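In what follows, a structure is listed as structure tokens, so that the remarks can point back to it.
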Amino acid sequence: MSLDLVNGISIGVVLFLIGMFGLMTRKNFIKIILCVDIMFLGLILFFCSLGYTEGGTAPTLGGYSVYVDPLPQTLMLTTVVVELSVTSLALALAMKVYEQYKTLHIEEVTR
Amino acid sequence: MSELLVGLVITPLISAFLLSLTAVSHRVPHAVMMRIRNTLSVAALTAMVIQLLSLAPSVLSGEVLTYTLGGWTPFMGIALRMDALSFMMAAVSVTVSFLGMIYSFSYMEHLRGLGKYDAFYFLMVTGIMGVLLTRDIFNMYVFFEILSISVYILITTGEKKENYRASLKYLILGSVSSAFFLFAVGITYAVTGSLNMDYIAQAVPAIMGKDPFPVYMIFSLFLVSMGVKSGLVPLHFWLPDAHSMAPSPVSALLSGIVLKISIYGLLRLSFLFGDSFLASDRVLMVLGVTTMVVGSVLALVQKDLKRMLAYSSISQVGLIMTGLGIGTELAIQGALFHVVNHALMKSGLFLCAGVIIYQSKSREISRLNGVSPGMVLCFVILSLGIIGVPPLNGFSSKLVILYGAVDAQYSSIAGIIVMASVLSCGYYFRVVQSILTPQKLKGIDRPAVPRTMRVPVYFLTALCVILGLFPLLGLSAAELAVVVGGG
């Protein structure tokens, strides 16, 4: 494998797929929520790497010629906030489910 | 004029904020607080109705209104746009959410939990209006998340114990769907360099000519994402739980509007890839037919009234997807008209089911009785509408879809649609039979139904009958939506 295959984009996609694999195989609600988290982390890395240019600087006022694309990074600020609220809501719901069923195993809860 | 587009998104957002202030513990008596909340919600929804009505003449004459937020150029900034398609969906959404809010004044009285319900109800309306109006696909993702998060919370406000489980299940699948959506947005930005739908639609033909693989990938990611949210069959298993555990007004909005919003999203996004993308390879048609048949068969075996209605929704979504998948202009018109009709009928049925369950104190189909005659009449009319009996609105839209299917040489599909309608007779008549069976236990006093719960059901039934008697009202709107909304 050549070195230029290892960059933010490919690692982001691999993280996304790891999250999806975990989502399909894990049986514990907390682990499933963490896997959703990992999927989103992969996406955030993927997006931020989209705007990267070799040797670029932040596009502030003046004094640069090569700059990185700031748009994906601003979008990811929103995604981080959204994802934080989804995760906290999911964990709160998991707590409520545990109070009712005394277990977090997905097959015992849905039975 | 186009400044009103911002108002449509901002009004529910501000009222959600104000309603959340009433959730803080306070020294004001409960009854006064209740009155403040009710007045505030009615005022906000009335304001939205007025805004929509003042936009109506120009939109319905075929004009497209655009507003760029903050004056940024559309290439970088966010644009809001309203054409006939989004106007049609917005009008139905505002109508149904207004009636749902009035219904929940008395239905949710003991469950409302210090203004939490109202605040998230309005956040949900914000999400709906945002998805309908935005022209920026990342913005669409954000509004979808606002919509979904408020729906997850609204499901938990019900009285059933299993609703936390149902909400968690929906949350996990909804987040996966959002992740797919975001992934597709990322690839779109990488290949086209813009997030605005107009620029993407311009850039797509050149990319298709050079290398079609990214476009196929984007489209399939969008299809899976919207498929999860609208309950296409291999991805539908969260839907019956979530829709039946939620309190009845929320179920009505979930089945009536939120499912249709994801269908709207799919339609809007597929327009980006050229007109014929929906019909290519017949993927959507096959998925739609499968959904329709599986939903109908599973609805037949349900014992719980609201679960049965949820499976019936799956089947109807299948019918709409089949209409979109056939892909001729006539079939898409029929599908859009059916979106409107199903939104009105199914929310009416869920509200009606709420009253029936309230009166007979049971959710099991075999034990429903003692329902007041007006509600029985509404339930019969609405279920006949879903089955597709002639003077009602379900008939006219089904007929247009059938006509489109035969017209496009898919006679077997038309046969399956008719068969699914016959199956739906099976599960709706079972409920009607159970309601109409004479009451065995005398002497139990049945709770009287408050007026705020009866009026929305009557109103929706009347709308269904009117649209059934004058189908051209809806059909001309759907035609305009296909002609203007495309692209």
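We label chains A, B, ... in the order they appear in the structure tokens, count residues from 1 in each chain, and number ligands from 1 in the order shown.
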
>> Just want the 7 Å neighbourhood of Glu63 in chain B, counted on only C-alpha atoms, with same-chain residues fewer than 4 positions away dropped. Output as a VMD selection string.
In response: chain B and resid 58 to 59 83

Write a file of the selected residues as a short mmCIF file (atom, residue, chain, number, x, y, z; two decimals), in the first residue's frame, keeping N, CA, C and O atoms.
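Below you can see selection.cif, which holds the result:
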data_model
loop_
_atom_site.label_atom_id
_atom_site.label_comp_id
_atom_site.auth_asym_id
_atom_site.auth_seq_id
_atom_site.Cartn_x
_atom_site.Cartn_y
_atom_site.Cartn_z
N SER B 58 -49.40 33.91 -5.47
CA SER B 58 -48.27 33.97 -6.39
C SER B 58 -47.70 32.58 -6.66
O SER B 58 -47.29 32.29 -7.78
N VAL B 59 -47.68 31.70 -5.62
CA VAL B 59 -47.11 30.37 -5.85
C VAL B 59 -48.02 29.56 -6.76
O VAL B 59 -47.55 28.87 -7.66
N ASP B 83 -41.79 26.52 -4.18
CA ASP B 83 -42.51 26.35 -5.44
C ASP B 83 -43.80 25.59 -5.14
O ASP B 83 -44.14 25.38 -3.97
#

Which residues of chain A have any atom within 8 Å of an atom in chain B when counting only C-alpha atoms, and what is the closest pair of atoms for each, with the distance in Å to one decimal? Order the rows by chain and rising number and write it as JSON lines.
{"residue": "A:Ile32", "atom": "CA", "partner": "B:Ile172", "partner_atom": "CA", "distance": 7.9}
{"residue": "A:Ile33", "atom": "CA", "partner": "B:Ile172", "partner_atom": "CA", "distance": 7.1}
{"residue": "A:Val36", "atom": "CA", "partner": "B:Val176", "partner_atom": "CA", "distance": 6.9}
{"residue": "A:Met39", "atom": "CA", "partner": "B:Ala179", "partner_atom": "CA", "distance": 7.1}
{"residue": "A:Phe40", "atom": "CA", "partner": "B:Ala179", "partner_atom": "CA", "distance": 6.5}
{"residue": "A:Leu43", "atom": "CA", "partner": "B:Phe183", "partner_atom": "CA", "distance": 6.6}
{"residue": "A:Phe46", "atom": "CA", "partner": "B:Gly186", "partner_atom": "CA", "distance": 7.8}
{"residue": "A:Phe47", "atom": "CA", "partner": "B:Gly186", "partner_atom": "CA", "distance": 6.2}
{"residue": "A:Leu50", "atom": "CA", "partner": "B:Ala190", "partner_atom": "CA", "distance": 6.7}
{"residue": "A:Leu75", "atom": "CA", "partner": "B:Phe138", "partner_atom": "CA", "distance": 7.8}
{"residue": "A:Thr78", "atom": "CA", "partner": "B:Val142", "partner_atom": "CA", "distance": 8.0}
{"residue": "A:Thr79", "atom": "CA", "partner": "B:Val142", "partner_atom": "CA", "distance": 8.0}
{"residue": "A:Val82", "atom": "CA", "partner": "B:Glu145", "partner_atom": "CA", "distance": 7.2}
{"residue": "A:Val86", "atom": "CA", "partner": "B:Ile149", "partner_atom": "CA", "distance": 7.0}
{"residue": "A:Ala90", "atom": "CA", "partner": "B:Leu168", "partner_atom": "CA", "distance": 6.4}
{"residue": "A:Leu93", "atom": "CA", "partner": "B:Tyr164", "partner_atom": "CA", "distance": 6.1}
{"residue": "A:Ala94", "atom": "CA", "partner": "B:Leu168", "partner_atom": "CA", "distance": 7.1}
{"residue": "A:Lys96", "atom": "CA", "partner": "B:Tyr164", "partner_atom": "CA", "distance": 6.7}
{"residue": "A:Val97", "atom": "CA", "partner": "B:Arg165", "partner_atom": "CA", "distance": 6.1}
{"residue": "A:Val109", "atom": "CA", "partner": "B:Arg165", "partner_atom": "CA", "distance": 7.8}
{"residue": "A:Thr110", "atom": "CA", "partner": "B:Arg165", "partner_atom": "CA", "distance": 7.8}

> Do you have the CA of Tyr121 in chain B-CA of Leu463 in chain B distance handy?
Replying inline: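 Separation of CA of Tyr121 in chain B and CA of Leu463 in chain B: 23.2 Å.
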
> Quick one: residues within 6 Å of range 304-309 of chain B, only C-alpha atoms counted, chain neighbours fewer than 6 positions away excluded, as a ChimeraX atom specification?
Replying inline: /B:240,244,363-365

>> If you run DSSP on the backbone here, which positions in chain A get alpha helix (DSSP H)? Please write them as a ChimeraX atom specification.
In response: /A:8-25,29-50,71-101,106-110

> By how many Å are CA of Met101 in chain B and CA of Arg37 in chain B apart?
Replying inline: 11.0 Å

> For Arg454 in chain B, which residue among B:Ile102, B:Leu384, B:Val389, B:Val224 is the nearest when counting only C-alpha atoms?
Replying inline: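 Of B:Ile102, B:Leu384, B:Val389, B:Val224, the one nearest Arg454 in chain B, counting only C-alpha atoms, is B:Ile102.
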
> From the set A:Ile30, A:Leu5, A:Met76, A:Met24, which residue has the shortest atom-to-atom contact distance to Thr103 in chain A, counting only C-alpha atoms?
Replying inline: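 For Thr103 in chain A, the nearest of the candidates is A:Ile30.
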
> What is the distance, in Å and to one decimal place, between CA of Ala481 in chain B and CA of Phe87 in chain B?
Replying inline: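 Separating CA of Ala481 in chain B from CA of Phe87 in chain B is a distance of 8.6 Å.
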
Considering only C-alpha atoms, return as a compact mmCIF listing (two decimals) with all heavy atoms, in the first residue's frame whatever protein or nucleic-acid residues lie within 9 Å of Ile356 in chain B, sequence-local ones (same chain, fewer than 3 positions apart) excluded.
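Result went into selection20.txt, see below:
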# COMPACT_ATOMS: atom_id res chain seq x y z
N LEU B 351 -56.18 10.08 14.87
CA LEU B 351 -56.89 10.88 15.87
C LEU B 351 -58.17 10.17 16.29
O LEU B 351 -58.53 10.12 17.47
CB LEU B 351 -57.21 12.27 15.30
CG LEU B 351 -56.03 13.16 14.96
CD1 LEU B 351 -56.50 14.51 14.47
CD2 LEU B 351 -55.13 13.35 16.17
N CYS B 352 -58.85 9.57 15.30
CA CYS B 352 -60.08 8.83 15.57
C CYS B 352 -59.77 7.63 16.47
O CYS B 352 -60.51 7.34 17.42
CB CYS B 352 -60.64 8.39 14.24
SG CYS B 352 -62.36 8.04 14.24
N ALA B 353 -58.67 6.94 16.17
CA ALA B 353 -58.28 5.78 16.99
C ALA B 353 -58.00 6.22 18.41
O ALA B 353 -58.31 5.50 19.36
CB ALA B 353 -57.05 5.11 16.39
N GLN B 359 -62.38 5.87 24.60
CA GLN B 359 -63.74 5.52 25.01
C GLN B 359 -63.87 4.05 25.40
O GLN B 359 -64.59 3.72 26.33
CB GLN B 359 -64.72 5.83 23.88
CG GLN B 359 -65.07 7.30 23.83
CD GLN B 359 -66.28 7.54 22.96
OE1 GLN B 359 -66.37 6.99 21.88
NE2 GLN B 359 -67.18 8.35 23.42
N SER B 360 -63.18 3.16 24.68
CA SER B 360 -63.38 1.74 25.00
C SER B 360 -62.30 1.23 25.94
O SER B 360 -62.32 0.07 26.31
CB SER B 360 -63.45 0.91 23.73
OG SER B 360 -62.33 1.15 22.94
N LYS B 361 -61.34 2.08 26.31
CA LYS B 361 -60.30 1.76 27.29
C LYS B 361 -59.53 0.50 26.92
O LYS B 361 -59.13 -0.27 27.79
CB LYS B 361 -60.91 1.59 28.68
CG LYS B 361 -61.54 2.86 29.23
CD LYS B 361 -61.70 2.76 30.73
CE LYS B 361 -62.31 4.01 31.31
NZ LYS B 361 -63.76 4.10 31.10
N SER B 362 -59.37 0.24 25.65
CA SER B 362 -58.61 -0.93 25.22
C SER B 362 -58.04 -0.65 23.85
O SER B 362 -58.63 0.10 23.07
CB SER B 362 -59.51 -2.16 25.17
OG SER B 362 -58.83 -3.19 24.51
N ARG B 363 -56.86 -1.22 23.57
CA ARG B 363 -56.26 -1.05 22.25
C ARG B 363 -56.49 -2.25 21.37
O ARG B 363 -56.14 -2.24 20.19
CB ARG B 363 -54.76 -0.81 22.38
CG ARG B 363 -54.40 0.46 23.13
CD ARG B 363 -52.98 0.42 23.58
NE ARG B 363 -52.07 0.41 22.45
CZ ARG B 363 -51.42 1.49 22.03
NH1 ARG B 363 -51.57 2.62 22.65
NH2 ARG B 363 -50.59 1.40 21.02
N LEU B 368 -63.00 -3.49 21.13
CA LEU B 368 -63.43 -2.10 20.99
C LEU B 368 -64.94 -2.06 21.00
O LEU B 368 -65.61 -2.76 20.23
CB LEU B 368 -62.93 -1.54 19.66
CG LEU B 368 -61.43 -1.56 19.44
CD1 LEU B 368 -61.12 -1.12 18.04
CD2 LEU B 368 -60.75 -0.65 20.43
N ASN B 369 -65.52 -1.25 21.87
CA ASN B 369 -66.96 -1.05 21.82
C ASN B 369 -67.34 0.21 22.56
O ASN B 369 -66.48 0.87 23.16
CB ASN B 369 -67.72 -2.25 22.40
CG ASN B 369 -67.17 -2.62 23.76
OD1 ASN B 369 -66.54 -1.80 24.42
ND2 ASN B 369 -67.40 -3.85 24.18
N GLY B 370 -68.62 0.55 22.50
CA GLY B 370 -69.09 1.73 23.20
C GLY B 370 -68.59 3.03 22.63
O GLY B 370 -68.37 3.99 23.35
N VAL B 371 -68.36 3.06 21.32
CA VAL B 371 -67.85 4.28 20.70
C VAL B 371 -69.04 5.12 20.25
O VAL B 371 -70.04 4.59 19.76
CB VAL B 371 -66.96 3.93 19.50
CG1 VAL B 371 -66.36 5.17 18.90
CG2 VAL B 371 -65.88 2.97 19.93
N SER B 372 -68.91 6.46 20.40
CA SER B 372 -70.04 7.31 20.04
C SER B 372 -70.24 7.30 18.51
O SER B 372 -69.28 7.16 17.75
CB SER B 372 -69.80 8.74 20.54
OG SER B 372 -68.53 9.16 20.13
N MET B 375 -68.05 9.26 15.88
CA MET B 375 -66.70 8.75 15.67
C MET B 375 -66.72 7.51 14.78
O MET B 375 -65.86 7.31 13.94
CB MET B 375 -66.07 8.38 17.02
CG MET B 375 -65.55 9.56 17.78
SD MET B 375 -64.31 10.41 16.82
CE MET B 375 -64.95 12.05 16.90
N VAL B 376 -67.77 6.64 14.99
CA VAL B 376 -67.86 5.44 14.16
C VAL B 376 -68.02 5.85 12.70
O VAL B 376 -67.34 5.31 11.82
CB VAL B 376 -69.06 4.57 14.61
CG1 VAL B 376 -69.21 3.39 13.70
CG2 VAL B 376 -68.84 4.10 16.03
N ILE B 435 -66.22 -2.56 16.18
CA ILE B 435 -66.81 -1.36 16.80
C ILE B 435 -68.33 -1.47 16.78
O ILE B 435 -69.01 -1.08 17.73
CB ILE B 435 -66.37 -0.09 16.04
CG1 ILE B 435 -64.87 0.09 16.12
CG2 ILE B 435 -67.02 1.14 16.62
CD1 ILE B 435 -64.38 1.25 15.32

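Minimum distance to Leu147 in chain B across B:Pro205, B:Ser262, B:Gly70, B:Lys160 (counting only C-alpha atoms) occurs at B:Ser262.
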
> Which of range 47-154 of chain B counts as strand (DSSP E) under DSSP, as a PyMOL selection string please?
Replying inline: chain B and resi 65-68+79-82
